[in-house]
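Peer 1: This is the structure I want to talk about, given as structure tokens.
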Amino acid sequence: MPQKITHTPDSLLKHPIQLFKLMWRDLLASRELAWRLMVRDISAQYRQSFLGIAWAFLPPIFMAAGFTLANDANVISVGKTDLPYPAYVMFSTALWQTFVDALNGPVQAITIAKPMLARVNFPREAIILAKLGEVFFNFAIKLILIVALFIWFQIPVGWTVILAPVALVHLILLGTFLGTLLSPLGVLYQDVQKTLTMITGFWLFLTPVIYPVPNQGVFGILVKFNPVTPLLVTTRELATTGIVSDALSFWIVSILTLMGLLLTWIAFRLAMPYVIERVSS
């Protein structure tokens, strides 16, 4: 049955308690659908791929191999890292990929679900939750590579490793926040996905994935002001050295991420009826 969209002159923003009750109700109601969508998407993702789960391992391995060869040949000079360089790059690349998956996921999911959104009335949060679950599933596969790295390079693990998932969740939520913010625009304009691909390619080199955090120069300032930097670095440090180098920046970005995610959720709910009406007209 086609969805019936009604716009009322009285905005829900004037009734925040009612708005939050509706948001919480829809979030709970979307769990089963989110699970079904996640299982469907994961099955399709690996069923239609010849290499299957190997794609979770190949990018970090190839990136580590390339930059290790370049570093050994003095083509690039990355400085001293806390871990053996191949392990440093592979671990950091796995974390970066997870962030990018969380960033691209909502935009791709909402765009693909455009026909369903125009025809069926269901909690839109289910689409975002499904992609979030897919991100965690893909990281669980990458975790096999990370454990193998720790064993191969004999990287010592301290008690702080149990806190690393907390920092990882914050990194994923940052990507989800930004992706959800862009998803209504992604439905209307295909340029959003293309622009994201271009931006993340450049963004990678402003993130300490293949080099340690620089302390000097304009480039060092840009890297430190990159919101991904404290979240990714803290995750890596908690899992390895156990010494957090910039706890203040981590908590500032984490708090801003949680606040931004809540505000974006509200904006997403208010914007989607208008977006759906436009694409279905």
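Ordering of the structure tokens sets the chain letters (A, B, ...), residue numbers begin anew at 1 in every chain, and ligands are numbered from 1 in the order given.
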What lies within 9 Å of Phe139 in chain A using only C-alpha atoms, ignoring chain neighbours under 2 positions off, as an NGL selection string?
Peer 2: :A and (56 or 94-95 or 97-98 or 134-137 or 141-144)
Peer 1: Identify, on the basis of only C-alpha atoms, every residue whose closest approach to range 234-236 of chain A does not exceed 6 Å; exclude the query and any residue fewer than 5 positions from it along the same chain; express the result as a PyMOL selection string.
Peer 2: chain A and resi 164+167-168+244
Peer 1: Could you list, as JSON, numbers by chain, every residue within 7 Å of range 82-89 of chain A, counting only C-alpha atoms and ignoring same-chain residues fewer than 2 positions away?
Peer 2: {"A": [64, 65, 68, 80, 91, 92, 93, 149, 209, 210]}
Peer 1: Restricting it to C-alpha atoms, dump the selection as a short mmCIF file (atom, residue, chain, number, x, y, z; two decimals), in the first residue's frame.
Peer 2:
data_model
loop_
_atom_site.label_atom_id
_atom_site.label_comp_id
_atom_site.auth_asym_id
_atom_site.auth_seq_id
_atom_site.Cartn_x
_atom_site.Cartn_y
_atom_site.Cartn_z
CA ALA A 64 50.90 -2.45 4.24
CA ALA A 65 53.02 -4.22 1.61
CA THR A 68 56.52 -1.02 3.76
CA LYS A 80 59.26 5.72 14.24
CA PHE A 91 45.90 -2.41 11.91
CA SER A 92 45.39 1.29 11.15
CA THR A 93 43.99 0.52 7.68
CA LEU A 149 49.06 -9.70 13.27
CA VAL A 209 47.17 5.49 9.14
CA ILE A 210 50.53 5.14 7.40
#
Peer 1: Between CA of Leu132 in chain A and CA of Ile146 in chain A, what is the distance in Å, rounded to a tenth?
Peer 2: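 Value for the CA of Leu132 in chain A-CA of Ile146 in chain A distance: 20.5 Å.
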Peer 1: Out of A:Val100, A:Leu185, A:Val228, A:Met38, which residue has the shortest atom-to-atom distance to Met198 in chain A when counting only C-alpha atoms?
Peer 2: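 Using only C-alpha atoms, the shortest distance to Met198 in chain A belongs to A:Val100.
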Peer 1: So which residues of range 36-272 of chain A fall under alpha helix (DSSP H) by DSSP, listed as a PyMOL selection string?
Peer 2: chain A and resi 36-47+58-72+85-112+114-119+125-152+164-188+191-204+217-225+228-239+247-272
Peer 1: Mind pulling up the distance from CA of Thr264 in chain A to CA of Leu181 in chain A?
Peer 2: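 These atoms are spaced 5.6 Å apart.
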Peer 1: With only C-alpha atoms as the basis for distance, which of A:Ser249, A:Leu222, A:Ser30, A:Met259 is at the shortest distance from Asn121 in chain A?
Peer 2: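 Distance minimum relative to Asn121 in chain A lands on A:Ser30.
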Peer 1: Quote the spacing between CA of Leu258 in chain A and CA of Pro106 in chain A in Å to one decimal place.
Peer 2: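 Between these atoms lies a distance of 16.6 Å.
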Peer 1: Which one of A:Ser245, A:Thr229, A:Thr111, A:Ser183 sits closest to Phe205 in chain A if you count only C-alpha atoms?
Peer 2: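 Of A:Ser245, A:Thr229, A:Thr111, A:Ser183, the one nearest Phe205 in chain A, counting only C-alpha atoms, is A:Thr229.
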Peer 1: Measuring between only C-alpha atoms, which one of A:Leu19, A:Val169, A:Leu103, A:Leu270 shows the shortest distance to Thr197 in chain A?
Peer 2: A:Leu103
Peer 1: Counting only C-alpha atoms, which of A:Val39, A:Phe67, A:Gly158, A:Leu188 gets nearest to Tyr274 in chain A?
Peer 2: A:Leu188
Peer 1: Give me the residues within 10 Å of Val275 in chain A as number ranges by chain, counting only C-alpha atoms and dropping any in the same chain fewer than 4 places off.
Peer 2: A: 114, 117-118, 184-185, 187-188, 268, 270-271, 279-280
Peer 1: Would you kindly return, as a PyMOL selection string, each protein, DNA or RNA residue with an atom no farther than 10 Å from any atom of Ala247 in chain A, considering only C-alpha atoms and excluding same-chain residues fewer than 3 positions away?
Peer 2: chain A and resi 230-231+234+243-244+250-252
Peer 1: Which residues are close to Ala29 in chain A, i.e. within 12 Å by only C-alpha atoms, leaving aside same-chain residues fewer than 2 positions away? Reply as a list in words.
Peer 2: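 Those residues are Leu22, Met23, Trp24, Arg25, Asp26, Leu27, Arg31, Glu32, Leu33, Ala34, Trp35, Phe122, Pro123, Arg124, Glu125, Ala126 and Leu129 of chain A.
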Peer 1: Looking at only C-alpha atoms, which of A:Phe177, A:Phe202, A:Phe225, A:Tyr189 is the one that sits closest to Gly260 in chain A?
Peer 2: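 Of A:Phe177, A:Phe202, A:Phe225, A:Tyr189, the one nearest Gly260 in chain A, counting only C-alpha atoms, is A:Phe177.
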